[in-house]
Structure formats: structure tokens, C-alpha cells
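Engineer: Here it is, the structure, as C-alpha cells.
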Amino acid sequence: MSATLSPIEQATVDRFGLHDEDVLHDLAQHADDHPVCIFLTRGTSCGQLATHAVVCTACNRQCGLVCDTHAAIVTSSAAQTKHAACQASAAMRDLVRLVPL
Ligand SMILES: [Zn+2]
Ligand SMILES: [Zn+2]
């Protein structure tokens, strides 16, 4: 069915990540484009579908992507963290802000 979508319609589908089977199939074929949560737990990345971009409040650069579960953790965590790219150091909830994807 997705073959009948115009390029603009397909772009809209991609942007909003509709959970259509054809879309999921396309995502599976482009694994590198599939936004997944980068939150690490004991060295293993979460891998859930990402819902938010994490942006450093010090340098405004994107640090990664997180899923709903880890978005909640990131915004409530007082753990000291450091953004390697700009060397800013603060409590995680103060150092990052989330932008919905
Ligand atoms: Zn930064
Ligand atoms: Zn996650």
C-alpha cells in the first residue's frame, strides 16, 4: 500500500512515524535512520524507539535521542553529568532539555 503514497505523503509518514506495518518494514531496511534511544544501562543501549532529542543547554547541540522512559529519567536526574563536546558539567536535569521528535 505504501507504494501508492506520493513523496510528500511518504515524508509525512516518516516524520510522524506512523506505526504502519509498511513503514516499520521500511525502517527495518534503513536501520541507521531508525531513531533509537541511546541511553546506556550497564553499557547496553536501550534501543527503544526514540521520542525526544536531548539538547545540551550550555551549547545547544544535540547530544542524543531518548525514548519516553528515559526522557522522564533524564529530566528528573540530579546525577552530575558532563557533555563531552563542550565540557559543560551540571546535574543532568539542568544540563539537558528535551525536544520532541
Ligand atoms: Zn554542550
Ligand atoms: Zn530508552
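Residues are named by chain letter and number: chains run A, B, ... in the order of the C-alpha cells, numbers start at 1 in each chain, and ligands are numbered from 1 in the order shown.
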Do you know which residues are at most 10 Å from range 86-89 of chain A counting only C-alpha atoms, after dropping those on the same chain fewer than 5 positions away, and could you put them as a list in words?
Structural biologist: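 The residues that qualify are Cys56, Thr57, Ala58, Cys59, Asn60, Arg61, Gln80, Thr81, Asp94 and Leu95 of chain A.
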Engineer: Hey, which residues sit close to ligand 2? Say within 10 Å, counting only C-alpha atoms and all ligand atoms, and write them as a PyMOL selection string.
Structural biologist: chain A and resi 36-41+45-51+65-74
Engineer: Would you mind exporting C-alpha atoms of the selected residues as a PDB file, in the first residue's frame?
Structural biologist:
ATOM      1  CA  VAL A  36      16.511   4.739  18.836  1.00  0.00           C
ATOM      2  CA  CYS A  37      17.166   5.652  22.438  1.00  0.00           C
ATOM      3  CA  ILE A  38      20.893   5.942  23.203  1.00  0.00           C
ATOM      4  CA  PHE A  39      20.511   5.776  26.972  1.00  0.00           C
ATOM      5  CA  LEU A  40      23.082   3.364  28.351  1.00  0.00           C
ATOM      6  CA  THR A  41      22.365   0.961  31.192  1.00  0.00           C
ATOM      7  CA  SER A  45      21.994   0.945  24.917  1.00  0.00           C
ATOM      8  CA  CYS A  46      18.236   0.987  25.407  1.00  0.00           C
ATOM      9  CA  GLY A  47      17.304   0.657  21.728  1.00  0.00           C
ATOM     10  CA  GLN A  48      13.644   1.657  22.210  1.00  0.00           C
ATOM     11  CA  LEU A  49      12.114   3.970  19.617  1.00  0.00           C
ATOM     12  CA  ALA A  50      13.305   7.464  20.459  1.00  0.00           C
ATOM     13  CA  THR A  51      10.687  10.133  21.119  1.00  0.00           C
ATOM     14  CA  LEU A  65      17.958  10.647  21.429  1.00  0.00           C
ATOM     15  CA  VAL A  66      15.896   9.068  24.175  1.00  0.00           C
ATOM     16  CA  CYS A  67      12.654   7.112  24.490  1.00  0.00           C
ATOM     17  CA  ASP A  68       9.729   8.162  26.705  1.00  0.00           C
ATOM     18  CA  THR A  69      11.006   6.140  29.649  1.00  0.00           C
ATOM     19  CA  HIS A  70      14.458   7.666  29.584  1.00  0.00           C
ATOM     20  CA  ALA A  71      13.180  11.158  28.796  1.00  0.00           C
ATOM     21  CA  ALA A  72      11.465  11.048  32.198  1.00  0.00           C
ATOM     22  CA  ILE A  73      14.643   9.793  33.850  1.00  0.00           C
ATOM     23  CA  VAL A  74      16.868  12.384  32.203  1.00  0.00           C
TER      24      VAL A  74
END
Engineer: Write out as number ranges by chain each polymer residue whose atoms come within 7 Å of Arg93 in chain A, counting only C-alpha atoms; drop sequence neighbours fewer than 4 positions from it.
Structural biologist: A: 74-78
Engineer: Using only C-alpha atoms, please write the residues we just selected to a file, as an mmCIF file, in the first residue's frame.
Structural biologist:
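Wrote result12.cif, looks like this:
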data_model
loop_
_atom_site.group_PDB
_atom_site.id
_atom_site.type_symbol
_atom_site.label_atom_id
_atom_site.label_comp_id
_atom_site.auth_asym_id
_atom_site.auth_seq_id
_atom_site.Cartn_x
_atom_site.Cartn_y
_atom_site.Cartn_z
ATOM 1 C CA VAL A 74 16.868 12.384 32.203
ATOM 2 C CA THR A 75 14.644 15.306 33.210
ATOM 3 C CA SER A 76 14.422 14.175 36.837
ATOM 4 C CA SER A 77 18.002 13.030 37.419
ATOM 5 C CA ALA A 78 20.231 15.115 39.671
#
Engineer: So that I can check the surroundings of Ala53 in chain A, please list as a PyMOL selection string every protein, DNA and RNA residue that reaches within 6 Å of it, counting only C-alpha atoms and ignoring chain neighbours fewer than 6 positions away.
Structural biologist: chain A and resi 64-65+98-99
Engineer: Which of these, A:Ala85, A:Met92, A:Ala79, A:Val54, has the shortest distance to ligand 1 once you count only C-alpha atoms and all ligand atoms?
Structural biologist: A:Ala85
Engineer: How many Å separate CA of Ala90 in chain A from CA of Arg42 in chain A?
Structural biologist: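 Computing it gives 21.4 Å between the two atoms.
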Engineer: Would you mind telling me which residue in A:Val55, A:Gly43, A:Pro35, A:Leu5 lies nearest to ligand 1 when using only C-alpha atoms and all ligand atoms?
Structural biologist: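 Result for the nearest residue to ligand 1: A:Val55.
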Engineer: Taking only C-alpha atoms and all ligand atoms into account, which of A:Leu101, A:Ala91, A:Gln62, A:Pro7 comes nearest ligand 1?
Structural biologist: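 Result for the nearest residue to ligand 1: A:Gln62.
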